[in-house]
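Novice: Just one file: upload00.cif, with mmCIF, C-alpha atoms.
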```
data_target
#
loop_
_atom_site.label_atom_id
_atom_site.label_comp_id
_atom_site.auth_asym_id
_atom_site.auth_seq_id
_atom_site.Cartn_x
_atom_site.Cartn_y
_atom_site.Cartn_z
CA MET A 170 -36.99 12.19 5.71
CA ASN A 171 -34.93 11.73 8.88
CA GLN A 172 -33.29 14.38 11.02
CA GLU A 173 -29.86 13.73 9.57
CA THR A 174 -31.14 14.81 6.16
CA TRP A 175 -31.87 18.31 7.52
CA THR A 176 -29.03 18.74 10.00
CA GLY A 177 -26.27 16.87 8.16
CA TRP A 178 -23.65 18.82 6.27
CA PRO A 179 -23.47 18.32 2.52
CA ALA A 180 -20.87 15.93 1.16
CA ALA A 181 -17.48 17.58 1.10
CA GLY A 182 -16.01 15.57 -1.77
CA ALA A 183 -16.66 18.27 -4.36
CA HIS A 184 -15.22 21.21 -2.43
CA GLY A 185 -13.36 19.83 0.57
CA GLY A 186 -12.20 16.33 -0.20
CA ASP A 187 -9.65 15.85 -2.94
CA ARG A 188 -7.57 18.86 -3.83
CA PRO A 189 -8.97 20.55 -6.97
CA THR A 190 -6.93 20.29 -10.13
CA ARG A 191 -4.84 23.26 -11.29
CA PRO A 192 -7.15 24.16 -14.20
CA ARG A 193 -10.14 24.11 -11.86
CA GLN A 194 -8.34 26.28 -9.32
CA ALA A 195 -7.36 28.73 -12.05
CA LEU A 196 -10.92 28.82 -13.41
CA GLY A 197 -12.38 29.44 -9.96
CA LEU A 198 -9.91 32.23 -9.21
CA ALA A 199 -10.53 33.83 -12.59
CA GLY A 200 -14.29 33.77 -12.00
CA ARG A 201 -13.95 35.45 -8.61
CA LEU A 202 -11.66 38.11 -10.01
CA VAL A 203 -14.05 38.81 -12.88
CA LEU A 204 -16.97 39.12 -10.47
CA LEU A 205 -14.97 41.42 -8.20
CA ALA A 206 -13.88 43.56 -11.15
CA ALA A 207 -17.44 43.81 -12.44
CA THR A 208 -18.69 44.79 -8.99
CA LEU A 209 -16.00 47.46 -8.58
CA THR A 210 -16.63 48.82 -12.06
CA SER A 211 -20.39 49.04 -11.61
CA THR A 212 -20.00 50.65 -8.21
CA PHE A 213 -17.41 53.32 -8.98
CA ALA A 214 -17.50 53.80 -12.75
CA ASP A 215 -20.38 56.29 -12.90
CA GLY A 216 -18.81 58.58 -10.28
CA ARG A 217 -21.67 58.14 -7.86
CA PHE A 218 -19.31 57.51 -4.97
CA THR A 219 -16.70 60.16 -4.27
CA GLY A 220 -14.81 61.26 -1.21
CA TRP A 221 -15.94 59.62 1.99
CA ALA A 222 -18.78 57.87 0.19
CA ALA A 223 -16.21 56.06 -1.94
CA VAL A 224 -14.32 55.04 1.22
CA VAL A 225 -17.54 53.66 2.73
CA ALA A 226 -18.37 51.77 -0.48
CA ALA A 227 -14.84 50.35 -0.59
CA GLY A 228 -15.30 49.32 3.05
CA TRP A 229 -18.47 47.45 2.12
CA ILE A 230 -16.64 45.57 -0.62
CA VAL A 231 -13.62 44.70 1.55
CA SER A 232 -15.87 43.61 4.40
CA ALA A 233 -17.94 41.47 2.03
CA VAL A 234 -14.80 39.75 0.70
CA LEU A 235 -13.56 39.03 4.23
CA LEU A 236 -16.97 37.81 5.38
CA PHE A 237 -17.29 35.47 2.42
CA ALA A 238 -13.85 34.10 3.25
CA LEU A 239 -14.95 33.56 6.86
CA PHE A 240 -18.17 31.95 5.67
CA PHE A 241 -16.30 29.47 3.45
CA ARG A 242 -13.80 28.68 6.22
CA ALA A 243 -16.55 28.10 8.78
CA ALA A 244 -18.56 25.95 6.37
CA ARG A 245 -15.47 23.92 5.47
CA GLY A 246 -14.79 23.40 9.16
CA ARG A 247 -18.48 22.60 9.77
CA ARG A 248 -18.87 25.39 12.32
CA ILE A 249 -22.51 26.33 11.92
CA LEU A 250 -22.47 29.29 14.31
CA GLY A 251 -19.56 30.98 12.55
CA ALA A 252 -21.15 30.42 9.14
CA LEU A 253 -24.50 31.86 10.25
CA LEU A 254 -22.85 34.90 11.84
CA ALA A 255 -20.92 35.58 8.63
CA ALA A 256 -24.12 35.15 6.61
CA GLY A 257 -26.00 37.57 8.87
CA ALA A 258 -23.23 40.14 8.52
CA LEU A 259 -23.33 39.77 4.72
CA LEU A 260 -27.09 40.36 4.71
CA ALA A 261 -26.55 43.49 6.77
CA ILE A 262 -23.86 44.80 4.42
CA ALA A 263 -26.07 44.06 1.41
CA ALA A 264 -28.90 46.06 3.01
CA LEU A 265 -26.52 48.97 3.76
CA ALA A 266 -25.16 48.85 0.21
CA LYS A 267 -28.68 48.92 -1.20
CA GLU A 268 -29.60 51.82 1.06
CA GLY A 269 -26.44 53.65 0.04
CA GLY A 270 -27.08 53.25 -3.67
CA ALA A 271 -24.70 50.37 -4.44
CA ASP A 272 -27.42 48.30 -6.08
CA VAL A 273 -25.09 45.96 -8.01
CA LEU A 274 -23.02 45.24 -4.91
CA ALA A 275 -26.16 44.46 -2.92
CA GLY A 276 -27.50 42.20 -5.67
CA VAL A 277 -24.19 40.32 -5.94
CA LEU A 278 -24.09 39.80 -2.16
CA TRP A 279 -27.70 38.57 -1.99
CA CYS A 280 -27.40 36.22 -4.97
CA GLY A 281 -23.94 34.95 -4.01
CA LEU A 282 -24.96 34.30 -0.41
CA GLY A 283 -28.19 32.55 -1.47
CA ILE A 284 -26.38 30.14 -3.81
CA THR A 285 -23.43 29.39 -1.50
CA ALA A 286 -25.73 28.85 1.49
CA LEU A 287 -27.61 26.17 -0.44
CA ILE A 288 -24.35 24.50 -1.47
CA ARG A 289 -22.36 24.73 1.76
CA LEU A 290 -24.75 24.64 4.72
CA PRO A 291 -27.04 21.93 6.13
CA ARG A 292 -30.57 22.13 4.77
CA ALA A 293 -32.01 23.35 8.08
CA ALA A 294 -29.68 26.38 7.95
CA GLY A 295 -29.05 26.71 4.22
CA LEU A 296 -32.67 26.96 3.10
CA PRO A 297 -33.65 29.79 5.52
CA THR A 298 -30.41 31.65 4.74
CA ALA A 299 -30.98 31.31 0.98
CA LEU A 300 -34.63 32.32 1.39
CA ALA A 301 -33.61 35.44 3.30
CA ALA A 302 -30.92 36.39 0.77
CA LEU A 303 -32.88 35.66 -2.42
CA GLY A 304 -36.08 37.03 -0.89
CA SER A 305 -34.28 40.29 -0.14
CA TYR A 306 -33.06 40.39 -3.73
CA ALA A 307 -36.59 39.87 -5.09
CA ALA A 308 -38.21 42.36 -2.71
CA LEU A 309 -35.58 45.10 -2.62
CA GLY A 310 -33.89 44.77 -6.01
CA ASP A 311 -34.37 47.02 -9.00
CA GLU A 312 -36.38 44.46 -10.98
CA PRO A 313 -40.17 44.29 -10.81
CA LEU A 314 -41.42 41.95 -8.11
CA LEU A 315 -42.49 39.19 -10.50
CA ALA A 316 -39.21 39.33 -12.42
CA GLY A 317 -37.27 39.44 -9.15
CA LEU A 318 -39.12 36.40 -7.86
CA ALA A 319 -38.41 34.53 -11.10
CA THR A 320 -34.73 35.45 -10.92
CA ALA A 321 -34.52 34.48 -7.26
CA GLY A 322 -36.29 31.19 -7.97
CA GLY A 323 -33.91 30.42 -10.84
CA LEU A 324 -30.88 31.21 -8.68
CA GLY A 325 -32.29 29.05 -5.88
CA LEU A 326 -32.79 26.17 -8.32
CA LEU A 327 -29.23 26.65 -9.59
CA GLY A 328 -27.88 26.54 -6.04
CA TRP A 329 -29.85 23.40 -5.26
CA LEU A 330 -28.62 21.66 -8.41
CA LEU A 331 -25.05 22.62 -7.54
CA ARG A 332 -25.59 21.18 -4.05
CA LEU A 333 -26.89 17.90 -5.50
CA ASP A 334 -23.90 17.80 -7.84
CA ALA A 335 -21.54 18.38 -4.92
CA GLU A 336 -23.20 15.62 -2.90
CA ALA A 337 -23.01 13.23 -5.86
CA ARG A 338 -19.30 13.93 -6.27
CA GLY A 339 -18.81 13.56 -2.53
CA THR A 340 -20.59 10.20 -2.56
CA GLN A 341 -18.52 9.12 -5.53
CA HIS A 342 -15.38 10.19 -3.70
CA ARG A 343 -16.33 8.16 -0.61
CA LEU A 344 -17.21 5.12 -2.68
CA LEU A 345 -13.89 5.40 -4.49
CA GLN A 346 -12.04 5.60 -1.18
CA GLN A 347 -13.95 2.58 0.12
CA GLU A 348 -13.20 0.65 -3.04
CA ARG A 349 -9.52 1.49 -2.77
CA ALA A 350 -9.50 0.41 0.88
CA ALA A 351 -11.30 -2.83 -0.02
CA ARG A 352 -8.84 -3.55 -2.83
CA ALA A 353 -5.91 -2.83 -0.52
CA ALA A 354 -7.37 -5.14 2.13
CA GLU A 355 -8.02 -7.82 -0.48
CA ALA A 356 -4.48 -7.53 -1.82
CA GLU A 357 -3.07 -7.70 1.69
CA SER A 358 -5.22 -10.74 2.49
CA ALA A 359 -4.12 -12.44 -0.72
CA ALA A 360 -0.48 -11.67 0.07
CA LEU A 361 -0.84 -13.08 3.59
CA ALA A 362 -2.56 -16.19 2.23
CA GLU A 363 0.20 -16.69 -0.32
CA ARG A 364 2.85 -16.21 2.36
CA ALA A 365 1.10 -18.79 4.54
CA ARG A 366 0.95 -21.16 1.59
CA ILE A 367 4.64 -20.75 0.83
CA ALA A 368 5.44 -21.13 4.54
CA ARG A 369 3.54 -24.43 4.61
CA GLU A 370 5.43 -25.67 1.56
CA ILE A 371 8.79 -24.74 3.07
CA HIS A 372 7.90 -26.34 6.38
CA ASP A 373 6.60 -29.55 4.84
CA VAL A 374 9.56 -30.02 2.51
CA LEU A 375 12.23 -29.13 5.07
CA ALA A 376 10.59 -30.97 7.97
CA HIS A 377 10.46 -34.19 5.99
CA SER A 378 13.91 -33.93 4.43
CA LEU A 379 15.82 -32.59 7.41
CA SER A 380 14.22 -34.93 9.93
CA ALA A 381 15.16 -37.90 7.74
CA GLN A 382 18.72 -36.65 7.52
CA LEU A 383 18.73 -36.12 11.27
CA VAL A 384 17.73 -39.75 11.84
CA HIS A 385 20.68 -41.05 9.82
CA LEU A 386 23.16 -38.54 11.20
CA GLU A 387 22.08 -39.29 14.76
CA ALA A 388 22.49 -42.98 14.07
CA ALA A 389 25.95 -42.32 12.62
CA ARG A 390 26.89 -40.36 15.74
CA LEU A 391 25.73 -43.17 18.00
CA MET A 392 27.69 -45.67 15.93
CA LEU A 393 30.81 -43.57 16.19
CA ASP A 394 30.36 -43.30 19.95
CA SER A 395 29.94 -47.07 20.23
CA GLY A 396 32.90 -47.85 17.97
CA ALA A 397 30.87 -49.38 15.16
CA ALA A 398 32.42 -50.42 11.88
CA ARG A 399 33.39 -47.69 9.46
CA GLU A 400 31.20 -49.20 6.72
CA GLN A 401 28.08 -48.95 8.88
CA VAL A 402 28.76 -45.30 9.64
CA ARG A 403 29.40 -44.68 5.96
CA GLU A 404 26.04 -46.20 5.06
CA ARG A 405 24.28 -43.80 7.41
CA VAL A 406 26.13 -40.78 6.00
CA VAL A 407 25.34 -41.88 2.44
CA ALA A 408 21.69 -42.26 3.41
CA ALA A 409 21.68 -38.74 4.87
CA ARG A 410 23.24 -37.45 1.64
CA ARG A 411 20.53 -39.21 -0.37
CA MET A 412 17.88 -37.57 1.83
CA ALA A 413 19.42 -34.18 1.15
CA GLN A 414 19.24 -34.82 -2.59
CA GLU A 415 15.64 -35.91 -2.26
CA GLY A 416 14.93 -32.75 -0.27
CA LEU A 417 16.26 -30.65 -3.14
CA SER A 418 14.06 -32.59 -5.54
CA GLU A 419 11.06 -32.03 -3.28
CA THR A 420 11.82 -28.34 -3.19
CA ARG A 421 11.76 -28.19 -6.98
CA GLN A 422 8.47 -30.08 -7.01
CA ALA A 423 7.05 -27.70 -4.43
CA LEU A 424 7.97 -24.75 -6.64
CA SER A 425 6.26 -26.48 -9.55
CA ALA A 426 3.15 -26.95 -7.42
CA LEU A 427 3.19 -23.27 -6.44
CA ARG A 428 3.14 -22.46 -10.15
CA GLY A 429 -0.01 -24.61 -10.50
CA ASP A 430 1.48 -27.69 -12.16
CA LEU A 431 -0.25 -31.02 -11.65
CA THR A 432 1.30 -33.35 -9.10
CA PRO A 433 1.82 -37.09 -9.85
CA VAL A 434 0.37 -38.26 -6.55
CA GLY A 435 0.27 -41.98 -7.32
CA GLU A 436 3.90 -42.29 -8.34
CA PHE A 437 5.00 -40.17 -5.42
CA LEU A 438 3.13 -42.33 -2.86
CA VAL A 439 4.55 -45.52 -4.35
CA GLU A 440 8.06 -44.10 -4.06
CA LEU A 441 7.44 -42.75 -0.57
CA ALA A 442 5.97 -46.05 0.66
CA GLY A 443 8.94 -47.91 -0.77
CA ARG A 444 11.43 -45.69 1.03
CA GLU A 445 9.57 -46.02 4.32
CA GLN A 446 8.97 -49.76 3.82
CA ALA A 447 5.24 -49.24 4.42
CA PRO A 448 2.51 -51.10 2.51
CA LEU A 449 0.45 -48.91 0.19
CA LEU A 450 -3.20 -49.81 -0.41
CA VAL A 451 -5.36 -48.11 -3.04
CA GLU A 452 -9.16 -48.28 -3.15
CA GLY A 453 -11.15 -46.98 -6.09
CA THR A 454 -9.91 -45.95 -9.52
CA PRO A 455 -6.83 -43.70 -9.39
CA ARG A 456 -7.20 -40.45 -11.30
CA PRO A 457 -5.16 -37.25 -11.74
CA LEU A 458 -5.69 -34.70 -8.99
CA ALA A 459 -5.64 -30.94 -9.19
CA ALA A 460 -2.45 -29.27 -8.01
CA GLU A 461 -3.76 -28.14 -4.63
CA ALA A 462 -5.50 -31.42 -3.78
CA GLY A 463 -2.53 -33.48 -4.93
CA LEU A 464 -0.15 -31.30 -2.97
CA ALA A 465 -2.27 -31.70 0.16
CA VAL A 466 -2.11 -35.51 -0.18
CA ARG A 467 1.65 -35.45 -0.75
CA ARG A 468 2.44 -33.15 2.14
CA THR A 469 0.11 -34.92 4.56
CA ALA A 470 1.70 -38.26 3.74
CA GLN A 471 5.17 -36.81 4.20
CA GLU A 472 4.30 -35.11 7.48
CA ALA A 473 2.52 -38.17 8.90
CA LEU A 474 5.46 -40.45 8.09
CA THR A 475 7.91 -37.91 9.46
CA ASN A 476 5.97 -37.85 12.75
CA ILE A 477 5.97 -41.63 12.88
CA ARG A 478 9.70 -41.69 12.30
CA LYS A 479 10.24 -39.19 15.12
CA HIS A 480 7.69 -40.34 17.67
CA ALA A 481 7.19 -44.04 16.93
CA PRO A 482 10.37 -45.30 15.25
CA GLY A 483 10.15 -48.86 14.05
CA ALA A 484 6.35 -48.98 14.32
CA ARG A 485 4.40 -50.89 11.68
CA THR A 486 2.99 -48.32 9.24
CA GLU A 487 0.27 -48.55 6.60
CA ILE A 488 -0.76 -46.05 3.89
CA LEU A 489 -4.24 -46.21 2.39
CA VAL A 490 -5.59 -44.04 -0.46
CA ARG A 491 -9.29 -44.02 -1.34
CA TYR A 492 -10.53 -42.45 -4.58
CA LEU A 493 -14.20 -41.66 -3.98
CA ALA A 494 -16.73 -39.92 -6.23
CA ASP A 495 -16.00 -36.33 -5.20
CA THR A 496 -13.22 -36.70 -2.67
CA VAL A 497 -9.93 -38.42 -2.12
CA GLU A 498 -8.94 -39.78 1.27
CA LEU A 499 -5.48 -40.49 2.61
CA GLU A 500 -5.07 -42.58 5.76
CA VAL A 501 -1.73 -43.15 7.44
CA ARG A 502 -1.78 -45.53 10.42
CA ASN A 503 0.90 -46.87 12.69
CA ASP A 504 1.00 -49.25 15.62
CA ARG A 505 2.62 -48.46 18.93
CA SER A 506 6.39 -48.05 18.69
CA PRO A 507 8.22 -51.29 19.56
CA ARG A 508 10.69 -49.20 21.52
CA GLY A 509 7.93 -48.26 23.90
CA GLY A 510 8.37 -44.50 23.76
CA PRO A 511 9.49 -41.46 21.74
CA ALA A 512 12.88 -41.29 20.12
CA GLY A 513 14.51 -38.75 22.44
CA GLU A 514 16.08 -35.88 20.49
CA LEU A 515 14.23 -36.75 17.31
CA ALA A 516 10.85 -36.45 18.99
CA ALA A 517 11.71 -32.92 20.07
CA SER A 518 13.25 -31.86 16.76
CA GLY A 519 10.04 -30.65 15.13
CA SER A 520 8.51 -27.18 15.21
CA GLY A 521 5.13 -28.35 16.46
CA TYR A 522 3.31 -26.91 13.44
CA GLY A 523 3.04 -30.14 11.41
CA LEU A 524 -0.50 -31.14 12.31
CA LEU A 525 -1.61 -27.51 12.32
CA GLY A 526 -0.22 -27.00 8.83
CA MET A 527 -1.88 -30.17 7.52
CA ARG A 528 -5.23 -29.16 9.04
CA GLU A 529 -5.00 -25.62 7.62
CA ARG A 530 -4.15 -27.00 4.18
CA ALA A 531 -7.17 -29.32 4.26
CA GLU A 532 -9.59 -26.65 5.49
CA LEU A 533 -8.46 -24.18 2.83
CA LEU A 534 -9.50 -26.75 0.22
CA GLY A 535 -12.88 -27.38 1.88
CA GLY A 536 -11.76 -30.67 3.39
CA GLU A 537 -10.83 -31.88 6.84
CA LEU A 538 -8.05 -33.65 8.67
CA GLN A 539 -8.43 -35.98 11.64
CA ALA A 540 -5.53 -37.10 13.80
CA GLY A 541 -5.59 -39.14 16.98
CA GLU A 542 -5.06 -42.44 18.72
CA VAL A 543 -6.77 -45.52 17.29
CA ASP A 544 -6.38 -49.03 18.75
CA GLY A 545 -3.26 -48.06 20.67
CA GLY A 546 -1.61 -46.53 17.62
CA TRP A 547 -1.96 -43.28 15.72
CA ARG A 548 -4.02 -42.42 12.67
CA VAL A 549 -3.99 -39.42 10.34
CA LEU A 550 -6.99 -39.18 7.98
CA LEU A 551 -7.17 -36.53 5.27
CA LYS A 552 -10.30 -35.84 3.20
CA VAL A 553 -10.20 -33.27 0.40
CA PRO A 554 -12.50 -32.56 -2.56
CA ALA A 555 -11.01 -33.90 -5.78
#
```
I'd like the structure from this file rewritten - as structure tokens, please.

Specialist:
Amino acid sequence: MNQETWTGWPAAGAHGGDRPTRPRQALGLAGRLVLLAATLTSTFADGRFTGWAAVVAAGWIVSAVLLFALFFRAARGRRILGALLAAGALLAIAALAKEGGADVLAGVLWCGLGITALIRLPRAAGLPTALAALGSYAALGDEPLLAGLATAGGLGLLGWLLRLDAEARGTQHRLLQQERAARAAEAESAALAERARIAREIHDVLAHSLSAQLVHLEAARLMLDSGAAREQVRERVVAARRMAQEGLSETRQALSALRGDLTPVGEFLVELAGREQAPLLVEGTPRPLAAEAGLAVRRTAQEALTNIRKHAPGARTEILVRYLADTVELEVRNDRSPRGGPAGELAASGSGYGLLGMRERAELLGGELQAGEVDGGWRVLLKVPA
């Protein structure tokens, strides 16, 4: 048994944690009033105390009430010195009351102090205080010594059981608070994860759609500046309009994916490769993918092609999908841009979170994403369990 067991204060959950319910408060107040009434009746009913003796007896009772209040306040505030001083004063008043003939008052003070000391104080202070109070009751009370010892022992056992009950409720209260905190943290973490997921979907859809529109609109602007034919400019504007429509369609598909619907990856990659005029190679036997894995493949392909369009326009691009036993791999490769450098405004139009978002998406699924230069070009390789 360590030192904390003897010097630690009992758990406060039963009498200092949550606010007691109204019925419990009413019951506790009623019990105190009944005890006070019984003490007053037994002290003054037989006419033993009259005149100044009655004033002294009333002073004992008032002092005892105030000292018990101070004892409870000090114990609740975990001030051991104040609690022990109040307990010592109560023992003194009980001895004076016994000497003055107020036997019931003395017995109530001894028994009450013994039980509350066991419940409220640390063991190192509560046990000696209870021993002093209940020992005084057994030695100085009206009962025979053996009966007094039995009564004192029963009261001590009652106080100890009440202490254990208070500690159990306090432990339950702390565990409940910890569980609530854990649930709140879990809910907050889930909300943040869902926000990050939605943010990735919004970024991937908008980055692909808007960058494609920006390419055509920028080309239309350059054509207008150079005096190109109206039909050529119109073709670029129509292409930008088509990209906007496709962006809306992608947004709807993203919402479907967020709801957990399966994603037709194969058809999407065929359509995407056709739009980008990039060869699509498939190794292994194609199979349906779960929503998250399929969405990761779709978004990675979109983001990789968007980056190629912005940073290496006109470069030869190749898309390769491998269906392995437990994983699916997507590889998007491009050669060096024939223009010899980035596409000016388009290269700076992104947010810079594309690769980061793809890597986060892969890692959340237990996969990985590699991106870097290969043979003078650029390669993006995604591996996810599927």

Novice: Mind giving me the straight-line distance from atom CA of Ile367 of chain A to atom CA of Gln539 of chain A in Å, one decimal?

Specialist: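 Distance between the two atoms: 22.8 Å.
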
Novice: Carefully work through the PyMOL selection byres ((chain A and resi 549) around 7) for this structure and note down the residues it includes, as a VMD selection string.

Specialist: chain A and resid 473 500 to 502 539 to 541 547 to 548 550 to 551

Novice: Can you measure atom CA of Phe241 of chain A to atom CA of Val277 of chain A for me? One decimal in Å is fine.

Specialist: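 Taking atom CA of Phe241 of chain A and atom CA of Val277 of chain A, their separation equals 16.4 Å.
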
Novice: For Glu529 of chain A, find every residue with an atom within 12 Å (counting all atoms listed in the file), except residues of its own chain fewer than 3 positions away, and show them as an MDAnalysis selection string.

Specialist: chainID A and resid 362 365:366 368:369 465 468:469 522:526 532:539 551 553

Novice: Please, what distance in Å, to one decimal, runs between atom CA of Gly545 of chain A and atom CA of Thr486 of chain A?

Specialist: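 Here the two named atoms are 13.0 Å from each other.
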
Novice: Using all atoms listed in the file, which residue out of A:Arg201, A:Pro313, A:Ala350, A:Ala256 lies closest to Pro297 of chain A?

Specialist: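 So, comparing all the options, the nearest one is A:Ala256.
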
Novice: Would you mind listing what lies within 8 Å of Thr212 of chain A as a PDB file with C-alpha atoms, keeping the file's coordinate frame, with all atoms listed in the file counted and same-chain residues fewer than 5 positions away left out?

Specialist:
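What ended up in selection_1.pdb:
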```pdb
ATOM      1  CA  ARG A 217     -21.670  58.140  -7.860  1.00  0.00           C
ATOM      2  CA  PHE A 218     -19.310  57.510  -4.970  1.00  0.00           C
ATOM      3  CA  ALA A 226     -18.370  51.770  -0.480  1.00  0.00           C
ATOM      4  CA  ALA A 271     -24.700  50.370  -4.440  1.00  0.00           C
ATOM      5  CA  VAL A 273     -25.090  45.960  -8.010  1.00  0.00           C
ATOM      6  CA  LEU A 274     -23.020  45.240  -4.910  1.00  0.00           C
TER       7      LEU A 274
END
```

Novice: With all atoms listed in the file as the basis for distance, which of A:Thr219, A:Thr496, A:Gln471, A:Asn503 is at the shortest distance from Lys552 of chain A?

Specialist: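 Of the candidates, the smallest distance to Lys552 of chain A is held by A:Thr496.
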
Novice: Give the answer as one residue: which of A:Ala481, A:Val497, A:Ala255, A:Ala308 has the shortest atom-to-atom distance to Ala531 of chain A, using only C-alpha atoms?

Specialist: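 Of the candidates, the smallest distance to Ala531 of chain A is held by A:Val497.
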
Novice: Restricting the calculation to all atoms listed in the file: of A:Ala307, A:Leu239, A:Ile284, A:Ala555, which residue gets closest to Leu458 of chain A?

Specialist: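 Of A:Ala307, A:Leu239, A:Ile284, A:Ala555, the one nearest Leu458 of chain A, counting all atoms listed in the file, is A:Ala555.
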
Novice: Could you list, as a PyMOL selection string, every residue matched by the PyMOL selection byres ((chain A and resi 384) around 10) in this structure?

Specialist: chain A and resi 379-383+385-390+405+408-409+478-479+482+512+514-515

Novice: Given the choices A:Cys280, A:Ala356, A:Leu309, A:Leu493, which gets closest to Leu326 of chain A if the distance is worked out from all atoms listed in the file?

Specialist: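 Under the stated criterion, the closest residue is A:Cys280.
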
Novice: Nearest residue to Glu312 of chain A out of A:Arg485, A:Pro554, A:Asp272, A:His480, using all atoms listed in the file?

Specialist: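 Of the candidates, the smallest distance to Glu312 of chain A is held by A:Asp272.
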
Novice: Could you pull the residues within 10 Å of Leu253 of chain A, counting all atoms listed in the file, minus those fewer than 6 positions along the same chain, as an NGL selection string?

Specialist: :A and (240 or 243-244 or 259 or 286 or 290 or 294-295 or 298)
